[in-house]
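Worksheet for the structure shown next.
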Amino acid sequence: MRKILDDQLESIRDAGTWKVERVITSKQAASIQVQGGNKVLNFCANNYLGLSSHPAVIEAGKQALDTHGSGLSSTRFICGTTDIHKELENKIAKFHNVEDAALYASCFDANAGLFEILLSKDDAVLSDELNHASIIDGIRLCKAMKYRYKHMDMEDLESKLHEAKNARMRMIVTDGVFSMDGDVSPLPAICELGEKYDAMVFVDDCHGTGFFGKTGRGSGEHCGVEDKIDIINSTLGKALGGAAGGYTAGARQVTDLIRQKARPYLFSNTLPPPVVACASKALDLLMESSELIDQVTANTKRFRERMTDAGFKLGGDPCHPIAPVMFGDARLAATFADEMLKKGIFVIGFSFPVVPMGKARIRVQLSAAHSFEEIDRCVDAFVDIGRELKVI
């Protein structure tokens, strides 16, 4: 086994796609401490609202640790459901304007648990080819007829919906925002096709919930079709406190079935009380004011405009704080990221298999916690290194 694995690992190194885990010794924030180095500016976290180290969020977690302990040592249906779990589920349902929500340990688990229990061999599921790995794995577990449509290609989706017209139920499955590219799904067209072919619309909105759209309700709100999405799976581990946890939000029959049959829900420990309390406080802060949403929007605009003016090629939607800086070559992206760290900017090069071969990039992510001065420092470092490496 060791020999087989050594050969595989060496091939990853040879391809220039080896991933190094940098060790952080501080709280997640706009500025972080890296082991063995100085403080650096962090531009690659999913901390879109800057709430991962917000004092009120941290205090809520501390209080829950005192009142409810570090964990429940149990699954939900045995003795792992507390009052604060139910309060958070109700709050999430209210936030999304749906009937109910069910918590999981992660959104990966939420995606692993849904399709298997909802879709039978008589049903059809139609999935965007670039959907998140957790969606792909979740769909593999179900017995439904499986169709994969070309990325955001509505003609291909309609063709496959027509093929699936005799299925008992049809479900269109898409990321709200595709995390590697920052592309926003064409939800108005998807919802229109859903109505035309009597298909449910499912959205994984991990990179939209909390900060995208006027009030942070996500990609559905951004696209003006929030009330036409049937099921939302999302995370508490990004904008909503940044700790852990995921959920399914939708019709009460869906969440009731999850509580009866979904394996990741039934056979995994319940979400720890401090994590629940942190996410609940993050939602409170979000629903009290749009200030953080406005700030991340302004930061996104500033970074994208300055980088484009400097000559860099950026991917993704211009309104979204995922801003991939495209390089193509994996070694170049990795080298560029290393040089950025030397200038005090923490970014990571993304390469195959995380992104397609030949489409390596540095995925910059803006946060409400960043100041304009910090964004300018990041752009200036990109420009200096870009000239040195003859990228621009």
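Chain labels run A, B, ... following the order of the structure tokens; each chain numbers its residues from 1, and ligands are numbered from 1 in the order shown.
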
Shell of 8 Å around Val57 in chain A, only C-alpha atoms, local chain residues under 4 positions omitted, as a PyMOL selection string: chain A and resi 51-53+61+241+277-279+281-282

Can I get the selection written as a PDB file, in the first residue's frame, with N, CA and C atoms?
ATOM      1  N   LEU A  51     -17.739  37.750  10.449  1.00  0.00           N
ATOM      2  CA  LEU A  51     -18.352  37.387  11.729  1.00  0.00           C
ATOM      3  C   LEU A  51     -17.648  36.247  12.455  1.00  0.00           C
ATOM      4  N   SER A  52     -16.650  35.632  11.824  1.00  0.00           N
ATOM      5  CA  SER A  52     -15.986  34.488  12.457  1.00  0.00           C
ATOM      6  C   SER A  52     -15.345  34.848  13.788  1.00  0.00           C
ATOM      7  N   SER A  53     -14.925  36.102  13.940  1.00  0.00           N
ATOM      8  CA  SER A  53     -14.310  36.535  15.192  1.00  0.00           C
ATOM      9  C   SER A  53     -15.012  37.761  15.760  1.00  0.00           C
ATOM     10  N   GLY A  61     -21.279  32.027  21.800  1.00  0.00           N
ATOM     11  CA  GLY A  61     -20.741  30.671  21.904  1.00  0.00           C
ATOM     12  C   GLY A  61     -20.285  30.345  23.312  1.00  0.00           C
ATOM     13  N   GLY A 241     -21.146  33.036  10.751  1.00  0.00           N
ATOM     14  CA  GLY A 241     -20.352  32.696  11.918  1.00  0.00           C
ATOM     15  C   GLY A 241     -19.096  31.920  11.619  1.00  0.00           C
ATOM     16  N   ALA A 277     -25.199  28.429  18.855  1.00  0.00           N
ATOM     17  CA  ALA A 277     -25.387  29.770  19.403  1.00  0.00           C
ATOM     18  C   ALA A 277     -24.657  30.827  18.578  1.00  0.00           C
ATOM     19  N   CYS A 278     -23.460  30.505  18.109  1.00  0.00           N
ATOM     20  CA  CYS A 278     -22.710  31.445  17.274  1.00  0.00           C
ATOM     21  C   CYS A 278     -23.464  31.747  15.984  1.00  0.00           C
ATOM     22  N   ALA A 279     -23.982  30.705  15.339  1.00  0.00           N
ATOM     23  CA  ALA A 279     -24.720  30.906  14.092  1.00  0.00           C
ATOM     24  C   ALA A 279     -26.000  31.699  14.338  1.00  0.00           C
ATOM     25  N   LYS A 281     -26.556  33.945  16.676  1.00  0.00           N
ATOM     26  CA  LYS A 281     -26.203  35.348  16.879  1.00  0.00           C
ATOM     27  C   LYS A 281     -25.810  36.013  15.550  1.00  0.00           C
ATOM     28  N   ALA A 282     -25.105  35.284  14.690  1.00  0.00           N
ATOM     29  CA  ALA A 282     -24.741  35.820  13.379  1.00  0.00           C
ATOM     30  C   ALA A 282     -25.992  36.183  12.581  1.00  0.00           C
TER      31      ALA A 282
END

Can you pull out every residue within 10 Å of range 67-71 of chain A, counting only C-alpha atoms, but drop anything in the same chain fewer than 2 positions away, and send it as an NGL selection string? :A and (61-65 or 73-74 or 80 or 82-84 or 269-275 or 277)

Excluding Ala249 in chain A and residues on its chain fewer than 6 positions from it, collect all residues at most 8 Å away from it, counting only C-alpha atoms, and give them as a list in words. Ile92, Ala93, His96, Val98, Glu99, Asp100, Ala101, Ala102, Ile231, Ile232, Asn233 and Thr255 of chain A

Listing only residues of range 175-231 of chain A within 12 Å of range 344-351 of chain A, what is the closest atom pair and its distance in Å (to one decimal) for each, using only C-alpha atoms, sorted by chain and residue number ascending, as a Markdown table?
| residue | atom | partner | partner_atom | distance |
| --- | --- | --- | --- | --- |
| A:Ser179 | CA | A:Phe350 | CA | 11.6 |
| A:Met180 | CA | A:Phe350 | CA | 8.5 |
| A:Asp181 | CA | A:Phe350 | CA | 10.8 |

Would you list the contacts of Ala368 in chain A as a ChimeraX atom specification, taking every protein, DNA or RNA residue within 9 Å and counting only C-alpha atoms, but skipping same-chain residues closer than 4 positions in sequence? /A:30,47-51,291-299

Of the residues A:Lys313, A:Arg217, A:Lys343, A:Arg76, which is the one nearest to Phe95 in chain A, using only C-alpha atoms? A:Arg217
